[in-house]
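Here's the structure we're looking at; comments come further down.
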Amino acid sequence: MGVSEFNKNFGKLVREDRMRMRWGEMDSLAHMNNVSYMRYFEEARIAWFNELPIEYHPKAEGPILGTITCKYLKPAIYPCDFLIKTYVGGMGSRSFKMWHELIDAENPDVSYSEAEAILVWADIGEGASRPLPEWLKSIIQDE
């Protein structure tokens with residue numbers, strides 16, 4: 001399958017992470033449980049955030065997950081090494097979009113799942129949305 005159309009048309013690649021599937025992620029149907037996909041996307045999302053000048057404390061501002069949807073394309077079966085590609089774009093005044101693709105690290109033509117998320121910039125303490133900072137807009141536009 002390879003890179004999906006939404007990545008080609010809307011997202012800018014900002015990060016690639018290689019991760020190994022864990023045996024304990026298998027469910028009774030002998031493939032990776034659907035919750036684990038979301039955990040891999042979370043790991044990739046937070047890894048990118050950690051590269052940015054974001055601080056998480058009650059008086060800070062930062063991105064929070066507004067929504068996330070996942071399209072499961074092919075069951076992942078242990079053992080498996082993944083490559084998680086992370087893309088950003090689609091900026092609004094207080095939010096931006098992030099896309100992930102979870103593919104087989106050894107065979108990039110095999111795509112296990114895709115996710116699309118909306119991240120909202122927020123005042124962490126107040127839990128209220130705020131305008132995207134200019135530095136973040138610049139990073140997303142320049143990536």
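Identifiers for the structure tokens are assigned positionally: chains receive A, B, ... in sequence, residues are indexed from 1 per chain, and ligands are indexed from 1 in the order shown.
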
**OP:** Tell me which protein, DNA and RNA residues are within 12 Å of Ile54 in chain A, counting only C-alpha atoms, leaving out same-chain ones fewer than 3 positions away, and put them as a list in words.
**Re:** Ile46, Ala47, Trp48, Phe49, Asn50, Glu51, His57, Lys59, Ala60, Glu61, Gly62, Pro63, Ile64, Trp121, Ala122, Asp123, Ile124, Pro133, Trp135 and Leu136 of chain A

Subject >> Shell of 10 Å around Asn33 in chain A, only C-alpha atoms, local chain residues under 4 positions omitted, as a PyMOL selection string >> reply: chain A and resi 24-29+37-38+75-77

Original post:
Which residues, written as a PyMOL selection string, have at least one atom at most 10 Å from range 111-117 of chain A, with only C-alpha atoms counted and residues fewer than 4 positions away on the same chain left out?
Top reply: chain A and resi 1-4+6-7+34+37-38+41+45+65-76+82-88+96-105+107

Can I get the selected residues back with N, CA and C atoms, as a CSV table (one decimal), in the first residue's frame?
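Saved file again-v9.csv follows:
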chain,number,residue,atom,x,y,z
A,1,MET,N,0.8,-1.2,0.0
A,1,MET,CA,0.0,0.0,0.0
A,1,MET,C,0.9,1.3,0.0
A,2,GLY,N,1.8,1.4,0.9
A,2,GLY,CA,2.7,2.5,0.9
A,2,GLY,C,2.0,3.7,1.5
A,3,VAL,N,2.6,4.9,1.2
A,3,VAL,CA,2.1,6.1,1.8
A,3,VAL,C,0.7,6.5,1.2
A,4,SER,N,-0.2,6.8,2.1
A,4,SER,CA,-1.6,7.1,1.7
A,4,SER,C,-1.7,8.4,1.0
A,6,PHE,N,-3.7,10.9,1.8
A,6,PHE,CA,-3.8,12.1,2.7
A,6,PHE,C,-2.4,12.5,3.1
A,7,ASN,N,-1.4,11.6,3.2
A,7,ASN,CA,-0.1,12.1,3.5
A,7,ASN,C,0.5,12.8,2.3
A,34,ASN,N,-6.2,-3.5,18.9
A,34,ASN,CA,-6.4,-2.2,18.3
A,34,ASN,C,-5.9,-1.0,19.2
A,37,TYR,N,-2.2,0.2,18.5
A,37,TYR,CA,-2.0,1.1,17.4
A,37,TYR,C,-2.0,2.5,17.9
A,38,MET,N,-3.0,2.8,18.8
A,38,MET,CA,-3.1,4.2,19.3
A,38,MET,C,-1.8,4.5,20.2
A,41,PHE,N,1.0,5.5,17.9
A,41,PHE,CA,0.8,6.8,17.4
A,41,PHE,C,1.1,7.9,18.5
A,45,ARG,N,3.8,10.8,18.4
A,45,ARG,CA,3.4,12.2,18.6
A,45,ARG,C,4.2,12.9,19.7
A,65,LEU,N,-4.6,16.6,22.4
A,65,LEU,CA,-5.3,15.8,21.4
A,65,LEU,C,-6.7,16.1,21.5
A,66,GLY,N,-7.3,16.6,20.3
A,66,GLY,CA,-8.7,17.0,20.2
A,66,GLY,C,-9.5,15.8,19.7
A,67,THR,N,-9.0,15.2,18.6
A,67,THR,CA,-9.6,14.0,18.1
A,67,THR,C,-8.6,13.1,17.4
A,68,ILE,N,-8.9,11.9,17.3
A,68,ILE,CA,-8.0,11.0,16.5
A,68,ILE,C,-8.9,9.9,15.9
A,69,THR,N,-8.6,9.6,14.7
A,69,THR,CA,-9.3,8.5,14.0
A,69,THR,C,-8.3,7.5,13.4
A,70,CYS,N,-8.6,6.3,13.4
A,70,CYS,CA,-7.7,5.3,12.9
A,70,CYS,C,-8.3,4.4,11.8
A,71,LYS,N,-7.6,4.2,10.8
A,71,LYS,CA,-8.1,3.2,9.8
A,71,LYS,C,-7.1,2.0,9.8
A,72,TYR,N,-7.7,0.9,10.2
A,72,TYR,CA,-6.9,-0.4,10.2
A,72,TYR,C,-6.9,-1.0,8.9
A,73,LEU,N,-5.7,-1.2,8.3
A,73,LEU,CA,-5.6,-1.7,7.0
A,73,LEU,C,-5.2,-3.2,6.9
A,74,LYS,N,-4.4,-3.6,7.8
A,74,LYS,CA,-3.9,-5.0,7.7
A,74,LYS,C,-3.5,-5.4,9.2
A,75,PRO,N,-3.9,-6.6,9.6
A,75,PRO,CA,-3.5,-7.0,11.0
A,75,PRO,C,-2.0,-7.2,11.1
A,76,ALA,N,-1.4,-6.6,12.2
A,76,ALA,CA,0.0,-6.8,12.5
A,76,ALA,C,0.1,-8.1,13.4
A,82,PHE,N,8.0,-1.9,13.2
A,82,PHE,CA,7.3,-0.9,12.6
A,82,PHE,C,8.1,0.3,12.3
A,83,LEU,N,7.7,1.1,11.3
A,83,LEU,CA,8.1,2.4,11.0
A,83,LEU,C,6.9,3.3,11.1
A,84,ILE,N,6.9,4.2,12.0
A,84,ILE,CA,5.8,5.2,12.2
A,84,ILE,C,6.2,6.5,11.6
A,85,LYS,N,5.5,6.9,10.5
A,85,LYS,CA,5.8,8.2,9.9
A,85,LYS,C,4.8,9.2,10.4
A,86,THR,N,5.3,10.4,10.8
A,86,THR,CA,4.4,11.4,11.3
A,86,THR,C,4.5,12.6,10.4
A,87,TYR,N,3.3,13.1,10.1
A,87,TYR,CA,3.1,14.3,9.2
A,87,TYR,C,2.3,15.3,9.9
A,88,VAL,N,2.5,16.6,9.6
A,88,VAL,CA,1.7,17.7,10.1
A,88,VAL,C,1.3,18.6,9.0
A,96,PHE,N,-4.0,22.2,14.6
A,96,PHE,CA,-3.3,21.7,13.4
A,96,PHE,C,-3.6,20.2,13.3
A,97,LYS,N,-3.4,19.7,12.1
A,97,LYS,CA,-3.6,18.2,11.9
A,97,LYS,C,-2.3,17.5,11.9
A,98,MET,N,-2.4,16.2,12.4
A,98,MET,CA,-1.3,15.3,12.4
A,98,MET,C,-1.8,14.0,11.8
A,99,TRP,N,-0.9,13.4,10.9
A,99,TRP,CA,-1.2,12.1,10.4
A,99,TRP,C,-0.1,11.2,10.7
A,100,HIS,N,-0.5,9.9,10.9
A,100,HIS,CA,0.5,8.9,11.1
A,100,HIS,C,0.2,7.7,10.2
A,101,GLU,N,1.3,7.1,9.8
A,101,GLU,CA,1.2,5.8,9.0
A,101,GLU,C,2.1,4.8,9.7
A,102,LEU,N,1.5,3.7,10.1
A,102,LEU,CA,2.3,2.6,10.7
A,102,LEU,C,2.5,1.5,9.7
A,103,ILE,N,3.8,1.4,9.3
A,103,ILE,CA,4.1,0.5,8.2
A,103,ILE,C,5.1,-0.5,8.7
A,104,ASP,N,5.3,-1.6,7.9
A,104,ASP,CA,6.3,-2.6,8.2
A,104,ASP,C,7.7,-2.0,7.9
A,105,ALA,N,8.6,-2.1,8.9
A,105,ALA,CA,9.9,-1.5,8.7
A,105,ALA,C,10.7,-2.2,7.7
A,107,ASN,N,9.3,-4.0,5.0
A,107,ASN,CA,8.7,-3.9,3.7
A,107,ASN,C,7.7,-2.7,3.7

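With CA of Arg94 in chain A on one side and CA of Val120 in chain A on the other, the separation reads 5.9 Å.
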
**OP:** Can you check which residues of chain A DSSP gives as strand (DSSP E or B) on the backbone and send them as JSON, numbers by chain?
**Re:** {"A": [12, 13, 14, 15, 16, 17, 18, 19, 20, 26, 32, 61, 62, 63, 64, 65, 66, 67, 68, 69, 70, 71, 72, 81, 82, 83, 84, 85, 86, 87, 88, 89, 95, 96, 97, 98, 99, 100, 101, 102, 103, 104, 111, 112, 113, 114, 115, 116, 117, 118, 119, 120, 121, 122, 123, 128, 129]}

Just list the residues in chain A DSSP gives alpha helix (DSSP H) on the backbone, as a short mmCIF file (atom, residue, chain, number, x, y, z; two decimals) with N, CA and C atoms, in the first residue's frame.
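Final output, saved to selection-v3.cif:
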data_model
loop_
_atom_site.label_atom_id
_atom_site.label_comp_id
_atom_site.auth_asym_id
_atom_site.auth_seq_id
_atom_site.Cartn_x
_atom_site.Cartn_y
_atom_site.Cartn_z
N GLU A 5 -2.85 8.59 0.37
CA GLU A 5 -3.13 9.84 -0.33
C GLU A 5 -3.19 11.04 0.61
N PHE A 6 -3.73 10.87 1.83
CA PHE A 6 -3.79 12.05 2.69
C PHE A 6 -2.40 12.53 3.07
N ASN A 7 -1.44 11.64 3.22
CA ASN A 7 -0.07 12.06 3.52
C ASN A 7 0.54 12.80 2.34
N LYS A 8 0.32 12.29 1.14
CA LYS A 8 0.88 12.91 -0.05
C LYS A 8 0.29 14.30 -0.29
N ASN A 9 -1.00 14.46 0.02
CA ASN A 9 -1.67 15.70 -0.32
C ASN A 9 -1.67 16.75 0.78
N PHE A 10 -1.65 16.34 2.05
CA PHE A 10 -1.87 17.31 3.11
C PHE A 10 -0.75 17.39 4.13
N ASN A 34 -6.20 -3.51 18.87
CA ASN A 34 -6.40 -2.17 18.31
C ASN A 34 -5.92 -1.04 19.23
N VAL A 35 -5.93 -1.24 20.53
CA VAL A 35 -5.45 -0.21 21.46
C VAL A 35 -3.97 0.06 21.25
N SER A 36 -3.22 -0.96 20.90
CA SER A 36 -1.77 -0.81 20.72
C SER A 36 -1.43 0.14 19.57
N TYR A 37 -2.23 0.16 18.53
CA TYR A 37 -1.98 1.08 17.43
C TYR A 37 -1.97 2.51 17.95
N MET A 38 -2.96 2.83 18.79
CA MET A 38 -3.05 4.18 19.33
C MET A 38 -1.85 4.52 20.21
N ARG A 39 -1.34 3.52 20.90
CA ARG A 39 -0.15 3.75 21.74
C ARG A 39 1.07 4.06 20.89
N TYR A 40 1.23 3.38 19.76
CA TYR A 40 2.34 3.69 18.85
C TYR A 40 2.20 5.10 18.29
N PHE A 41 0.99 5.49 17.93
CA PHE A 41 0.79 6.85 17.42
C PHE A 41 1.10 7.88 18.51
N GLU A 42 0.70 7.57 19.74
CA GLU A 42 1.00 8.47 20.86
C GLU A 42 2.51 8.61 21.06
N GLU A 43 3.23 7.50 21.02
CA GLU A 43 4.68 7.55 21.18
C GLU A 43 5.32 8.44 20.12
N ALA A 44 4.89 8.29 18.88
CA ALA A 44 5.44 9.10 17.79
C ALA A 44 5.07 10.57 17.96
N ARG A 45 3.85 10.84 18.36
CA ARG A 45 3.38 12.22 18.57
C ARG A 45 4.20 12.90 19.67
N ILE A 46 4.35 12.22 20.80
CA ILE A 46 5.08 12.80 21.92
C ILE A 46 6.57 12.93 21.60
N ALA A 47 7.13 12.01 20.84
CA ALA A 47 8.54 12.13 20.43
C ALA A 47 8.75 13.41 19.63
N TRP A 48 7.81 13.75 18.75
CA TRP A 48 7.94 15.01 17.99
C TRP A 48 7.78 16.21 18.92
N PHE A 49 6.79 16.15 19.81
CA PHE A 49 6.60 17.26 20.76
C PHE A 49 7.86 17.48 21.59
N ASN A 50 8.56 16.41 21.96
CA ASN A 50 9.77 16.54 22.77
C ASN A 50 10.90 17.25 22.04
N GLU A 134 3.36 31.66 16.90
CA GLU A 134 4.01 31.90 15.61
C GLU A 134 5.16 30.93 15.36
N TRP A 135 5.93 30.59 16.41
CA TRP A 135 7.06 29.69 16.22
C TRP A 135 6.59 28.31 15.72
N LEU A 136 5.42 27.85 16.21
CA LEU A 136 4.90 26.56 15.77
C LEU A 136 4.38 26.65 14.34
N LYS A 137 3.69 27.73 14.03
CA LYS A 137 3.22 27.92 12.64
C LYS A 137 4.40 27.87 11.68
N SER A 138 5.50 28.52 12.07
CA SER A 138 6.67 28.57 11.22
C SER A 138 7.26 27.16 11.02
N ILE A 139 7.32 26.38 12.08
CA ILE A 139 7.84 25.02 11.98
C ILE A 139 6.98 24.17 11.06
N ILE A 140 5.67 24.24 11.24
CA ILE A 140 4.76 23.43 10.42
C ILE A 140 4.84 23.86 8.96
N GLN A 141 4.90 25.14 8.72
CA GLN A 141 4.96 25.63 7.34
C GLN A 141 6.29 25.33 6.68
N ASP A 142 7.39 25.38 7.46
CA ASP A 142 8.72 25.19 6.90
C ASP A 142 9.14 23.74 6.78
#
